[in-house]
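For reference, target.cif is printed below; it contains mmCIF, C-alpha atoms.
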data_entry
loop_
_atom_site.label_atom_id
_atom_site.label_comp_id
_atom_site.auth_asym_id
_atom_site.auth_seq_id
_atom_site.Cartn_x
_atom_site.Cartn_y
_atom_site.Cartn_z
CA MET B 270 0.00 0.00 0.00
CA ASP B 271 3.06 2.28 -0.15
CA ASP B 272 2.12 3.44 -3.64
CA LEU B 273 -1.52 4.20 -2.76
CA PRO B 274 -2.65 7.25 -4.85
CA ILE B 275 -3.73 9.41 -1.93
CA GLY B 276 -4.65 12.51 -3.92
CA PRO B 277 -6.87 10.80 -6.53
CA MET B 278 -8.57 8.71 -3.85
CA PHE B 279 -9.45 11.81 -1.83
CA ALA B 280 -10.86 13.36 -5.01
CA VAL B 281 -12.97 10.26 -5.72
CA LEU B 282 -14.10 10.22 -2.09
CA ALA B 283 -15.25 13.85 -2.27
CA LEU B 284 -17.04 13.17 -5.57
CA LEU B 285 -18.87 10.15 -4.15
CA ILE B 286 -20.03 12.15 -1.12
CA LEU B 287 -21.24 14.90 -3.45
CA TRP B 288 -23.19 12.43 -5.60
CA SER B 289 -24.68 10.72 -2.55
CA GLY B 290 -25.83 14.11 -1.26
CA LEU B 291 -27.43 14.85 -4.64
CA PHE B 292 -29.25 11.51 -4.66
CA THR B 293 -30.55 12.10 -1.13
CA ALA B 294 -31.66 15.64 -1.98
CA ILE B 295 -33.56 14.43 -5.06
CA GLU B 296 -35.36 11.73 -3.10
CA ALA B 297 -36.25 14.17 -0.30
CA ALA B 298 -37.43 16.80 -2.81
CA GLN B 299 -39.65 14.26 -4.53
CA GLN B 300 -41.24 13.25 -1.22
CA HIS B 301 -41.72 16.91 -0.24
CA LEU B 302 -43.43 17.75 -3.53
CA LEU B 303 -45.61 14.67 -3.29
CA ALA B 304 -46.91 15.91 0.06
CA GLN B 305 -47.59 19.33 -1.47
CA ARG B 306 -49.70 17.91 -4.29
CA THR B 307 -52.66 17.48 -1.98
CA ALA B 308 -52.87 21.29 -1.83
CA THR B 309 -52.37 21.87 -5.55
CA ARG B 310 -55.07 23.96 -7.24
CA SER B 311 -55.77 24.01 -10.94
CA SER B 312 -54.55 27.59 -11.15
CA ASP B 313 -51.25 26.83 -9.47
CA LYS B 314 -48.03 26.23 -11.37
CA PRO B 315 -47.56 22.47 -11.96
CA LEU B 316 -45.09 20.87 -9.58
CA ALA B 317 -41.97 19.15 -10.87
CA ARG B 318 -41.98 15.36 -10.96
CA LEU B 319 -39.40 12.61 -10.98
CA ASN B 320 -39.07 11.26 -14.53
CA PHE B 321 -36.97 8.18 -13.73
CA PRO B 322 -37.52 5.17 -11.42
CA LEU B 323 -36.94 5.85 -7.74
CA ALA B 324 -35.48 2.36 -7.32
CA SER B 325 -32.53 3.30 -9.54
CA LEU B 326 -31.90 6.39 -7.41
CA ILE B 327 -31.84 4.34 -4.22
CA LEU B 328 -29.46 1.82 -5.81
CA CYS B 329 -26.98 4.51 -6.87
CA ASN B 330 -27.13 6.23 -3.48
CA THR B 331 -26.43 2.94 -1.71
CA LEU B 332 -23.48 2.17 -3.99
CA CYS B 333 -21.98 5.62 -3.44
CA ARG B 334 -22.18 5.30 0.34
CA ALA B 335 -20.67 1.82 0.26
CA LEU B 336 -17.75 3.05 -1.83
CA VAL B 337 -17.23 5.98 0.55
CA VAL B 338 -16.84 3.55 3.45
CA VAL B 339 -14.46 1.29 1.49
CA ILE B 340 -12.20 4.11 0.28
CA SER B 341 -12.21 5.79 3.71
CA THR B 342 -11.13 2.53 5.30
CA LEU B 343 -8.25 2.11 2.86
CA LEU B 344 -7.06 5.68 3.43
CA ALA B 345 -7.37 5.37 7.21
CA ILE B 346 -5.43 2.08 7.30
CA PHE B 347 -2.70 3.64 5.14
CA THR B 348 -2.47 6.63 7.52
CA TRP B 349 -3.08 5.16 10.99
CA ALA B 350 -2.46 1.43 10.46
CA GLY B 351 -4.21 -0.52 13.24
CA ASN B 352 -6.42 2.37 14.32
CA GLY B 353 -7.50 3.00 10.75
CA PRO B 354 -10.82 1.07 10.74
CA TRP B 355 -12.07 2.91 13.83
CA ALA B 356 -11.09 6.27 12.36
CA ALA B 357 -12.73 5.38 9.04
CA CYS B 358 -15.96 4.33 10.79
CA VAL B 359 -16.24 7.56 12.76
CA GLY B 360 -15.05 9.88 9.99
CA ALA B 361 -17.08 8.34 7.14
CA GLY B 362 -20.20 8.08 9.31
CA ALA B 363 -20.05 11.71 10.46
CA THR B 364 -19.27 13.00 6.96
CA LEU B 365 -22.13 11.05 5.34
CA LEU B 366 -24.61 12.16 8.00
CA VAL B 367 -23.77 15.84 7.54
CA PHE B 368 -23.00 16.17 3.82
CA ALA B 369 -25.00 13.29 2.35
CA ASP B 370 -28.09 13.33 4.58
CA TYR B 371 -28.92 16.28 6.85
CA LEU B 372 -27.65 19.08 4.60
CA PRO B 373 -29.20 17.69 1.35
CA ARG B 374 -32.57 17.16 3.03
CA THR B 375 -32.58 20.70 4.35
CA LEU B 376 -31.79 22.07 0.89
CA ALA B 377 -34.44 19.80 -0.67
CA ILE B 378 -37.16 21.27 1.54
CA ARG B 379 -36.10 24.82 0.66
CA TYR B 380 -35.60 24.33 -3.09
CA PRO B 381 -37.51 21.17 -4.08
CA ASP B 382 -38.38 22.17 -7.65
CA ALA B 383 -34.85 23.29 -8.52
CA ILE B 384 -33.28 20.11 -7.10
CA LEU B 385 -35.77 17.82 -8.80
CA ASN B 386 -35.30 19.57 -12.15
CA LEU B 387 -31.52 19.30 -11.73
CA GLY B 388 -31.83 15.60 -11.02
CA ASN B 389 -34.07 15.02 -14.03
CA THR B 390 -31.58 16.82 -16.26
CA LEU B 391 -28.44 15.10 -15.00
CA LEU B 392 -29.71 11.65 -14.11
CA GLY B 393 -32.77 10.97 -16.24
CA ALA B 394 -31.15 8.82 -18.93
CA PRO B 395 -28.50 7.01 -16.79
CA LEU B 396 -30.94 5.97 -14.09
CA LYS B 397 -33.43 4.67 -16.64
CA ILE B 398 -30.63 2.48 -18.04
CA LEU B 399 -29.84 1.17 -14.53
CA TYR B 400 -33.47 0.32 -13.78
CA PRO B 401 -33.28 -3.38 -14.84
CA LEU B 402 -30.57 -3.97 -12.23
CA ALA B 403 -32.56 -2.07 -9.58
CA TRP B 404 -35.68 -4.04 -10.51
CA LEU B 405 -33.77 -7.32 -10.17
CA LEU B 406 -32.41 -6.42 -6.72
CA ASN B 407 -35.83 -5.24 -5.59
CA GLY B 408 -37.29 -8.55 -6.75
CA VAL B 409 -34.68 -10.43 -4.73
CA SER B 410 -35.56 -8.43 -1.62
CA LEU B 411 -39.27 -9.15 -2.07
CA LEU B 412 -38.46 -12.83 -2.49
CA LEU B 413 -36.46 -12.85 0.75
CA MET B 414 -39.32 -11.14 2.59
CA ARG B 415 -41.94 -13.58 1.36
CA PRO B 416 -41.58 -16.02 4.30
CA PHE B 417 -42.29 -13.15 6.72
CA ALA B 418 -45.30 -11.76 4.87
CA ARG B 419 -48.78 -12.33 6.21
CA LYS B 420 -50.39 -15.30 4.53
CA VAL B 421 -54.04 -16.03 3.93
CA ASN B 422 -54.99 -19.31 5.57
CA VAL B 423 -55.56 -21.49 2.53
CA VAL B 424 -55.98 -25.22 2.21
CA GLN B 425 -57.12 -27.33 -0.70
CA GLN B 426 -60.77 -28.31 -0.56
CA SER B 427 -61.47 -31.70 0.96
CA GLU B 428 -64.85 -33.25 0.25
CA ASP B 429 -64.69 -35.47 3.33
CA GLU B 430 -64.42 -32.64 5.84
CA THR B 431 -66.66 -33.42 8.78
CA PRO B 432 -69.43 -31.16 10.12
CA ALA B 433 -67.45 -30.87 13.38
CA GLU B 434 -64.59 -29.26 11.47
CA ARG B 435 -67.00 -26.77 9.96
CA HIS B 436 -68.45 -26.06 13.37
CA ASP B 437 -65.00 -25.42 14.85
CA ASP B 438 -64.17 -23.12 11.95
CA HIS B 439 -67.37 -21.18 12.51
CA GLU B 440 -66.70 -20.86 16.23
CA HIS B 441 -63.14 -19.66 15.54
CA ALA B 442 -64.42 -17.01 13.18
CA SER B 443 -67.07 -15.85 15.63
CA CYS B 444 -64.30 -14.99 18.10
CA ARG B 445 -63.00 -12.27 15.81
CA PRO B 446 -64.04 -8.75 16.73
CA HIS B 447 -66.84 -7.39 14.58
CA ALA B 448 -66.02 -4.56 12.24
CA LEU B 449 -67.21 -1.12 13.19
CA SER B 450 -70.52 -0.19 11.63
CA GLY B 451 -72.30 3.03 10.92
CA ILE B 452 -70.86 6.43 10.25
CA HIS B 453 -68.15 5.97 12.91
CA ALA B 454 -66.45 3.41 10.66
CA LEU B 455 -65.54 6.19 8.23
CA ASP B 456 -62.86 7.35 10.66
CA ASN B 457 -60.93 4.16 9.88
CA ILE B 458 -61.45 4.13 6.10
CA THR B 459 -58.79 5.58 3.83
CA VAL B 460 -58.74 6.46 0.16
CA ASN B 461 -56.79 3.26 -0.51
CA ASP B 462 -59.80 1.21 0.68
CA ILE B 463 -62.17 2.48 -2.02
CA LEU B 464 -59.94 3.48 -4.93
CA VAL B 465 -60.46 2.14 -8.44
CA PRO B 466 -57.27 0.11 -9.16
CA ARG B 467 -55.06 1.41 -11.96
CA SER B 468 -55.69 -1.76 -13.97
CA ASP B 469 -59.40 -0.85 -14.12
CA VAL B 470 -58.94 2.86 -14.86
CA ASP B 471 -60.05 4.12 -18.26
CA GLY B 472 -57.79 6.85 -19.61
CA ILE B 473 -56.56 8.62 -22.72
CA ASN B 474 -53.11 7.65 -23.96
CA LEU B 475 -51.65 10.61 -25.84
CA ASP B 476 -49.34 8.23 -27.70
CA ASP B 477 -52.36 6.77 -29.53
CA SER B 478 -53.50 8.25 -32.81
CA ILE B 479 -56.27 10.86 -32.73
CA GLU B 480 -58.54 8.43 -34.59
CA GLU B 481 -58.11 5.81 -31.84
CA ILE B 482 -58.74 8.45 -29.16
CA ILE B 483 -61.94 9.60 -30.88
CA GLU B 484 -63.20 6.02 -31.12
CA GLN B 485 -62.43 5.46 -27.44
CA LEU B 486 -64.26 8.64 -26.43
CA ARG B 487 -67.31 7.66 -28.46
CA LYS B 488 -67.62 4.44 -26.44
CA ASN B 489 -66.76 6.08 -23.13
CA ARG B 490 -69.48 6.73 -20.54
CA ARG B 491 -67.38 8.56 -17.96
CA THR B 492 -67.26 12.32 -17.48
CA ARG B 493 -63.62 12.59 -16.39
CA LEU B 494 -60.67 10.61 -17.70
CA PRO B 495 -56.93 10.71 -16.85
CA VAL B 496 -54.72 11.76 -19.76
CA PHE B 497 -51.22 10.30 -19.86
CA HIS B 498 -48.24 9.36 -22.00
CA SER B 499 -47.73 5.59 -22.43
CA ASP B 500 -48.41 4.76 -18.77
CA ILE B 501 -50.74 6.15 -16.13
CA ASN B 502 -47.72 6.99 -13.96
CA GLN B 503 -47.00 9.67 -16.57
CA VAL B 504 -50.39 11.32 -16.10
CA GLU B 505 -50.42 14.81 -17.57
CA ALA B 506 -53.97 16.02 -17.01
CA VAL B 507 -57.61 15.09 -16.45
CA LEU B 508 -60.08 15.46 -19.33
CA ASN B 509 -63.65 16.69 -18.88
CA THR B 510 -65.37 14.84 -21.74
CA ARG B 511 -68.38 17.17 -21.71
CA HIS B 512 -66.26 19.89 -23.28
CA ILE B 513 -65.43 17.86 -26.38
CA LEU B 514 -68.58 15.75 -26.94
CA HIS B 515 -69.80 18.02 -29.74
CA MET B 516 -66.63 17.28 -31.72
CA LEU B 517 -66.95 13.50 -31.67
CA PRO B 518 -69.83 12.74 -34.09
CA ASP B 519 -68.10 14.28 -37.12
CA GLY B 520 -64.53 13.52 -35.99
CA ARG B 521 -63.47 17.17 -35.65
CA LEU B 522 -61.59 16.59 -32.40
CA THR B 523 -57.90 17.52 -32.52
CA LEU B 524 -55.15 16.91 -30.02
CA GLU B 525 -55.01 20.64 -29.28
CA ALA B 526 -58.76 20.79 -28.58
CA LEU B 527 -58.49 17.74 -26.32
CA LEU B 528 -55.67 19.27 -24.27
CA ALA B 529 -57.57 22.54 -24.04
CA ALA B 530 -60.41 20.68 -22.31
CA CYS B 531 -58.05 19.27 -19.69
CA HIS B 532 -56.98 20.56 -16.30
CA GLU B 533 -54.08 19.76 -14.01
CA PRO B 534 -54.26 16.40 -12.20
CA TYR B 535 -54.99 16.34 -8.49
CA PHE B 536 -52.91 13.87 -6.46
CA VAL B 537 -54.13 12.19 -3.29
CA PRO B 538 -51.94 10.17 -0.86
CA GLU B 539 -53.31 6.65 -0.39
CA SER B 540 -53.44 6.99 3.40
CA THR B 541 -55.78 10.03 3.38
CA PRO B 542 -58.84 9.37 5.60
CA LEU B 543 -62.12 9.36 3.71
CA GLN B 544 -63.71 12.19 5.67
CA LEU B 545 -60.65 14.39 5.17
CA GLN B 546 -60.61 13.68 1.44
CA LEU B 547 -64.25 14.65 1.15
CA LEU B 548 -63.36 18.04 2.64
CA ASN B 549 -60.33 18.31 0.33
CA PHE B 550 -62.49 17.66 -2.73
CA HIS B 551 -64.76 20.48 -1.59
CA LYS B 552 -61.90 22.91 -0.89
CA GLN B 553 -60.09 22.15 -4.14
CA GLN B 554 -63.29 22.09 -6.21
CA ARG B 555 -62.32 18.70 -7.62
CA ARG B 556 -64.27 15.52 -8.32
CA LEU B 557 -61.45 13.11 -9.26
CA GLY B 558 -58.07 12.47 -7.66
CA MET B 559 -55.09 10.35 -8.70
CA VAL B 560 -54.19 8.14 -5.73
CA VAL B 561 -50.42 7.76 -5.25
CA ASP B 562 -48.22 5.83 -2.83
CA GLU B 563 -45.25 7.18 -0.89
CA TYR B 564 -43.01 6.91 -3.95
CA GLY B 565 -45.36 8.82 -6.25
CA GLU B 566 -46.54 5.71 -8.12
CA VAL B 567 -50.16 5.93 -9.25
CA LEU B 568 -52.29 3.25 -7.56
CA GLY B 569 -55.63 4.24 -9.09
CA ILE B 570 -58.27 6.94 -8.90
CA VAL B 571 -60.86 8.07 -6.39
CA THR B 572 -63.88 10.22 -7.17
CA LEU B 573 -66.26 12.32 -5.15
CA GLU B 574 -69.04 9.94 -6.17
CA ASP B 575 -67.10 6.99 -4.71
CA ILE B 576 -66.84 8.71 -1.33
CA LEU B 577 -70.50 9.77 -1.29
CA GLU B 578 -71.54 6.23 -2.21
CA GLU B 579 -69.41 4.87 0.63
CA ILE B 580 -71.00 7.29 3.11
CA VAL B 581 -74.52 6.48 1.96
CA GLY B 582 -73.72 2.78 2.17
CA GLU B 583 -72.72 3.15 5.82
CA PHE B 584 -76.33 4.13 6.67
CA GLU B 585 -77.79 0.91 5.22
CA SER B 586 -79.07 -1.14 8.12
CA GLU B 587 -79.34 -4.48 6.35
CA HIS B 588 -77.04 -6.37 4.01
CA SER B 589 -78.32 -6.88 0.47
CA LEU B 590 -77.32 -8.69 -2.68
CA ASP B 591 -77.54 -5.48 -4.70
CA ASN B 592 -74.10 -6.03 -6.22
CA PRO B 593 -73.72 -6.40 -10.01
CA HIS B 594 -70.72 -8.69 -9.54
CA VAL B 595 -72.68 -11.23 -7.46
CA HIS B 596 -74.96 -13.82 -9.08
CA PRO B 597 -76.84 -16.09 -6.63
CA GLN B 598 -77.21 -19.73 -7.65
CA ALA B 599 -80.11 -22.09 -7.01
CA ASP B 600 -78.12 -24.16 -4.50
CA GLY B 601 -77.30 -21.14 -2.33
CA ARG B 602 -73.79 -20.60 -3.64
CA LEU B 603 -72.73 -17.36 -5.31
CA LEU B 604 -71.11 -16.85 -8.69
CA ILE B 605 -68.87 -13.78 -8.32
CA ASP B 606 -66.80 -11.84 -10.86
CA GLY B 607 -63.09 -11.77 -10.17
CA ALA B 608 -63.06 -7.97 -10.43
CA ALA B 609 -65.46 -7.65 -7.47
CA SER B 610 -64.20 -5.49 -4.62
CA ILE B 611 -63.62 -7.47 -1.43
CA ARG B 612 -64.79 -4.54 0.63
CA GLU B 613 -68.05 -4.32 -1.34
CA LEU B 614 -68.58 -8.07 -1.03
CA ASN B 615 -68.12 -7.93 2.73
CA LYS B 616 -70.50 -5.01 2.96
CA SER B 617 -73.27 -6.38 0.74
CA LEU B 618 -73.08 -10.00 1.91
CA GLY B 619 -72.13 -9.51 5.55
CA TRP B 620 -68.95 -11.53 5.01
CA HIS B 621 -65.48 -11.16 6.52
CA LEU B 622 -63.10 -11.93 3.69
CA PRO B 623 -59.58 -10.52 4.37
CA SER B 624 -59.55 -6.93 3.13
CA ASP B 625 -56.23 -5.65 4.47
CA GLY B 626 -54.29 -6.86 1.43
CA PRO B 627 -55.62 -7.29 -2.13
CA LYS B 628 -58.64 -5.19 -3.01
CA THR B 629 -60.38 -7.56 -5.43
CA LEU B 630 -61.44 -11.20 -5.34
CA ASN B 631 -58.98 -11.93 -8.15
CA GLY B 632 -56.14 -10.43 -6.10
CA LEU B 633 -57.16 -12.40 -3.00
CA VAL B 634 -57.16 -15.71 -4.88
CA THR B 635 -53.87 -14.93 -6.62
CA GLU B 636 -52.17 -14.00 -3.34
CA ALA B 637 -53.52 -17.08 -1.59
CA LEU B 638 -52.29 -19.48 -4.29
CA GLU B 639 -49.12 -17.44 -5.01
CA THR B 640 -49.64 -18.11 -8.71
CA ILE B 641 -52.08 -17.44 -11.54
CA PRO B 642 -54.61 -20.23 -10.94
CA GLU B 643 -56.01 -22.53 -13.58
CA SER B 644 -59.72 -23.24 -13.83
CA ALA B 645 -61.33 -25.83 -11.53
CA VAL B 646 -58.98 -25.07 -8.62
CA CYS B 647 -60.62 -25.10 -5.18
CA LEU B 648 -59.38 -23.45 -2.01
CA LYS B 649 -60.54 -22.43 1.43
CA ILE B 650 -60.06 -19.00 2.97
CA GLY B 651 -61.29 -18.88 6.55
CA ARG B 652 -64.96 -19.88 6.55
CA TYR B 653 -65.33 -19.55 2.80
CA ARG B 654 -64.86 -22.01 -0.03
CA LEU B 655 -63.83 -20.74 -3.46
CA GLU B 656 -63.85 -22.63 -6.74
CA ILE B 657 -62.16 -20.92 -9.68
CA LEU B 658 -64.37 -21.46 -12.71
CA GLU B 659 -62.69 -19.28 -15.30
CA THR B 660 -59.45 -17.38 -15.86
CA GLU B 661 -58.68 -14.97 -18.68
CA ASP B 662 -55.67 -12.75 -19.49
CA ASN B 663 -53.83 -13.85 -16.31
CA ARG B 664 -56.82 -12.93 -14.15
CA VAL B 665 -59.49 -14.84 -12.32
CA THR B 666 -62.76 -13.81 -13.95
CA ARG B 667 -65.38 -16.09 -12.35
CA VAL B 668 -65.38 -17.71 -8.90
CA LEU B 669 -68.00 -19.86 -7.21
CA VAL B 670 -68.06 -18.94 -3.50
CA TRP B 671 -70.01 -20.25 -0.56
CA HIS B 672 -69.97 -20.08 3.23
CA THR B 673 -69.06 -23.43 4.78
CA SER B 674 -71.80 -23.15 7.41
CA SER B 675 -74.58 -22.10 5.04
CA VAL B 676 -74.32 -24.64 2.19
CA PRO B 677 -74.66 -28.39 2.85
CA ALA B 678 -71.69 -30.55 2.00
CA LEU B 679 -71.78 -31.76 -1.59
CA SER B 680 -72.51 -35.44 -1.88
CA LYS B 681 -69.80 -37.63 -3.33
CA THR B 682 -70.37 -39.05 -6.75
#
What's the structure tokens form of this structure?
Amino acid sequence: MDDLPIGPMFAVLALLILWSGLFTAIEAAQQHLLAQRTATRSSDKPLARLNFPLASLILCNTLCRALVVVISTLLAIFTWAGNGPWAACVGAGATLLVFADYLPRTLAIRYPDAILNLGNTLLGAPLKILYPLAWLLNGVSLLLMRPFARKVNVVQQSEDETPAERHDDHEHASCRPHALSGIHALDNITVNDILVPRSDVDGINLDDSIEEIIEQLRKNRRTRLPVFHSDINQVEAVLNTRHILHMLPDGRLTLEALLAACHEPYFVPESTPLQLQLLNFHKQQRRLGMVVDEYGEVLGIVTLEDILEEIVGEFESEHSLDNPHVHPQADGRLLIDGAASIRELNKSLGWHLPSDGPKTLNGLVTEALETIPESAVCLKIGRYRLEILETEDNRVTRVLVWHTSSVPALSKT
């Protein structure tokens, strides 16, 4: 180590600390602007947004900090020999905390737009190239966490299950605390509980041809639609279709006229309580919000009508089968669409399917089996039996469901 290039290594060390500080500042600025979006009005200047994957940013920041520790250790060992590792630990830790964490976060809160625009300019293309590696590492981490994730209690259906087993299952379920009912339950409901998932959101893709957009609008029955480039995460605006309906019959709609009928999107954090969001819709004079997670990824949409419907539903004293996704069968079982909301099923049927994870019946079945199921697969979730009747496009589309205590055991053939 006598020929260690001290000067160049100090220069590389300073550069790595600088880059780590920039990465931290960009991430903090993005989080700060995301929190501000709940107060964004249509007349306000649009807020800057991250135009590259956050996972790539986290990967680069981690690599920079790891290299800082490695180079600091080498320099400290070269200078202080046996005491080098301790000096490197203290020095690198203090330097990273001040110059790569506290200071960048303070600057990000003061100048979020400038920092985010700087990051988009400098890092947009490189971090998009690194995304496959970041995606792979993120997948590995999710795989390692799978054994610790909460699992739905699922077993394959057994036709010879005894009535005593059903009785025990029913008694076990009756020990669970009942869900809150009435208007007081709204205090515990968030936007994430009632959102329309992004996979079910209709929207206008500006990358499509104007002819395709016109045809889509002619078939559309919604008043407001998100407008985006390629993917809903790149949402640009929200279209009020009433302003362009007169241009559709004769095909006079142009891209310029479509954009003129749009307004700035309104972003809503997924954890916003329902009552608070109702007040926010009123204050912001909005009727549709784009629901985002902590990283700014779009999870779906929520509308004023969804919230009002939820509130009205809380006043219903009796459960009913008034659900278009539920089709009662002659033998007492129910044929249910895979796209049915678990929360709506629980509310209309008086059931207690797990609703703290997937939002749809398709998602619940997929999570329980940990794979895309084939038709004719049977499973048990708590007190409920589910038989997958049909799958299409990697989704469960039709499921036969019944309560184990309400339908007699099927006779063997």
Report as a short mmCIF file (atom, residue, chain, number, x, y, z; two decimals) with C-alpha atoms, in the coordinates of the input all protein, DNA and RNA residues lying within 9 Å of Gly632 (chain B), evaluated on all atoms listed in the file, omitting residues in the same chain fewer than 3 positions from it.
data_model
loop_
_atom_site.label_atom_id
_atom_site.label_comp_id
_atom_site.auth_asym_id
_atom_site.auth_seq_id
_atom_site.Cartn_x
_atom_site.Cartn_y
_atom_site.Cartn_z
CA GLY B 607 -63.09 -11.77 -10.17
CA ALA B 608 -63.06 -7.97 -10.43
CA GLY B 626 -54.29 -6.86 1.43
CA PRO B 627 -55.62 -7.29 -2.13
CA LYS B 628 -58.64 -5.19 -3.01
CA THR B 629 -60.38 -7.56 -5.43
CA THR B 635 -53.87 -14.93 -6.62
CA GLU B 636 -52.17 -14.00 -3.34
CA ALA B 637 -53.52 -17.08 -1.59
CA ARG B 664 -56.82 -12.93 -14.15
CA VAL B 665 -59.49 -14.84 -12.32
#
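Closest to Gly408 (chain B) among B:Ala324, B:Tyr380, B:Pro354, B:Thr572 is B:Ala324, based on all atoms listed in the file.
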Residues selected by the PyMOL selection byres ((chain B and resi 491) around 10), written as JSON, numbers by chain: {"B": [471, 472, 486, 488, 489, 490, 492, 493, 494, 509, 510, 511]}
Within 6 Å of (-55.7, 8.5, -6.3) (file coordinates; all atoms listed in the file), which protein or nucleic acid residues are there? I'd like them as a VMD selection string. chain B and resid 537 558 to 561 569 to 571
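Nearest to Ala357 (chain B) of all the residues B:Leu391, B:Val339, B:Leu372, B:Ile479 is B:Val339, based on only C-alpha atoms.
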Selection near Leu392 (chain B), 12 Å with only C-alpha atoms, sequence-local residues under 4 positions removed, as a PyMOL selection string: chain B and resi 288+291-292+295+319-323+325-326+329+384-388+396-400
Taking the file as shown, find all residues satisfying the PyMOL selection byres ((chain B and resi 592) around 12) and write them as a count of residues only. 24
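Nearest to Thr660 (chain B) of all the residues B:Thr673, B:Asn631, B:Asn474, B:Ser410 is B:Asn631, based on all atoms listed in the file.
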Picked residues, the PyMOL selection byres ((chain B and resi 283) around 12), expected as a VMD selection string: chain B and resid 276 to 282 284 to 290 333 to 334 336 to 338 340 to 341 361 364 to 365 368 to 369
Save out the residues we just selected, C-alpha atoms, as a PDB file, keeping the file's coordinate frame.
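Result file is again08.pdb:
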ATOM      1  CA  GLY B 276      -4.650  12.510  -3.920  1.00  0.00           C
ATOM      2  CA  PRO B 277      -6.870  10.800  -6.530  1.00  0.00           C
ATOM      3  CA  MET B 278      -8.570   8.710  -3.850  1.00  0.00           C
ATOM      4  CA  PHE B 279      -9.450  11.810  -1.830  1.00  0.00           C
ATOM      5  CA  ALA B 280     -10.860  13.360  -5.010  1.00  0.00           C
ATOM      6  CA  VAL B 281     -12.970  10.260  -5.720  1.00  0.00           C
ATOM      7  CA  LEU B 282     -14.100  10.220  -2.090  1.00  0.00           C
ATOM      8  CA  LEU B 284     -17.040  13.170  -5.570  1.00  0.00           C
ATOM      9  CA  LEU B 285     -18.870  10.150  -4.150  1.00  0.00           C
ATOM     10  CA  ILE B 286     -20.030  12.150  -1.120  1.00  0.00           C
ATOM     11  CA  LEU B 287     -21.240  14.900  -3.450  1.00  0.00           C
ATOM     12  CA  TRP B 288     -23.190  12.430  -5.600  1.00  0.00           C
ATOM     13  CA  SER B 289     -24.680  10.720  -2.550  1.00  0.00           C
ATOM     14  CA  GLY B 290     -25.830  14.110  -1.260  1.00  0.00           C
ATOM     15  CA  CYS B 333     -21.980   5.620  -3.440  1.00  0.00           C
ATOM     16  CA  ARG B 334     -22.180   5.300   0.340  1.00  0.00           C
ATOM     17  CA  LEU B 336     -17.750   3.050  -1.830  1.00  0.00           C
ATOM     18  CA  VAL B 337     -17.230   5.980   0.550  1.00  0.00           C
ATOM     19  CA  VAL B 338     -16.840   3.550   3.450  1.00  0.00           C
ATOM     20  CA  ILE B 340     -12.200   4.110   0.280  1.00  0.00           C
ATOM     21  CA  SER B 341     -12.210   5.790   3.710  1.00  0.00           C
ATOM     22  CA  ALA B 361     -17.080   8.340   7.140  1.00  0.00           C
ATOM     23  CA  THR B 364     -19.270  13.000   6.960  1.00  0.00           C
ATOM     24  CA  LEU B 365     -22.130  11.050   5.340  1.00  0.00           C
ATOM     25  CA  PHE B 368     -23.000  16.170   3.820  1.00  0.00           C
ATOM     26  CA  ALA B 369     -25.000  13.290   2.350  1.00  0.00           C
TER      27      ALA B 369
END
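For Leu622 (chain B), the list of residues within 10 Å, based on all atoms listed in the file and with local chain neighbours fewer than 2 positions off taken out, reads Val421, Ile611, Arg612, Leu614, Asn615, Gly619, Trp620, Ser624, Asp625, Leu630, Leu633, Ile650, Gly651, Arg652 and Tyr653 of chain B.
With distances restricted to all atoms listed in the file, B:Asn502 is the closest residue to Gly565 (chain B) from B:Thr523, B:Thr293, B:Asn502, B:Thr666.
Counting from CA of Gln503 (chain B), the distance to CA of Met516 (chain B) is 25.9 Å.
Across the model, the gap from CA of Ile275 (chain B) to CA of Gly360 (chain B) is 16.4 Å.
Computed from the coordinates, the CA of Arg556 (chain B) to CA of Asp476 (chain B) distance equals 25.5 Å.
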I want to know what sits within 8 Å of Pro381 (chain B), based on only C-alpha atoms, with residues of the same chain fewer than 3 positions away left out; could you give that as a ChimeraX atom specification? /B:295,298-299,301-302,376-378,384-385
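For the residues B:Leu524, B:His532, B:Asp370, B:Leu568, ranking by smallest atom-to-atom distance to Gln554 (chain B) using only C-alpha atoms places B:His532 first.
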What lies within 10 Å of Leu517 (chain B) using all atoms listed in the file, ignoring chain neighbours under 5 positions off, as an mmCIF file with C-alpha atoms, in the frame of the given file?
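Output below, filename selection.cif:
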data_model
loop_
_atom_site.group_PDB
_atom_site.id
_atom_site.type_symbol
_atom_site.label_atom_id
_atom_site.label_comp_id
_atom_site.auth_asym_id
_atom_site.auth_seq_id
_atom_site.Cartn_x
_atom_site.Cartn_y
_atom_site.Cartn_z
ATOM 1 C CA ILE B 482 -58.740 8.450 -29.160
ATOM 2 C CA ILE B 483 -61.940 9.600 -30.880
ATOM 3 C CA GLU B 484 -63.200 6.020 -31.120
ATOM 4 C CA LEU B 486 -64.260 8.640 -26.430
ATOM 5 C CA ARG B 487 -67.310 7.660 -28.460
ATOM 6 C CA LEU B 522 -61.590 16.590 -32.400
ATOM 7 C CA THR B 523 -57.900 17.520 -32.520
#
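Counting only C-alpha atoms and comparing B:Ile458, B:Ala363, B:Ala294, B:Ile327, the residue that lies closest to Asn407 (chain B) is B:Ile327.
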Coordinates of region 397-404 of chain B, C-alpha atoms, as a tab-separated table (two decimals), in the first residue's frame:
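Writing done, so here's selection.tsv:
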chain	number	residue	atom	x	y	z
B	397	LYS	CA	-33.43	4.67	-16.64
B	398	ILE	CA	-30.63	2.48	-18.04
B	399	LEU	CA	-29.84	1.17	-14.53
B	400	TYR	CA	-33.47	0.32	-13.78
B	401	PRO	CA	-33.28	-3.38	-14.84
B	402	LEU	CA	-30.57	-3.97	-12.23
B	403	ALA	CA	-32.56	-2.07	-9.58
B	404	TRP	CA	-35.68	-4.04	-10.51
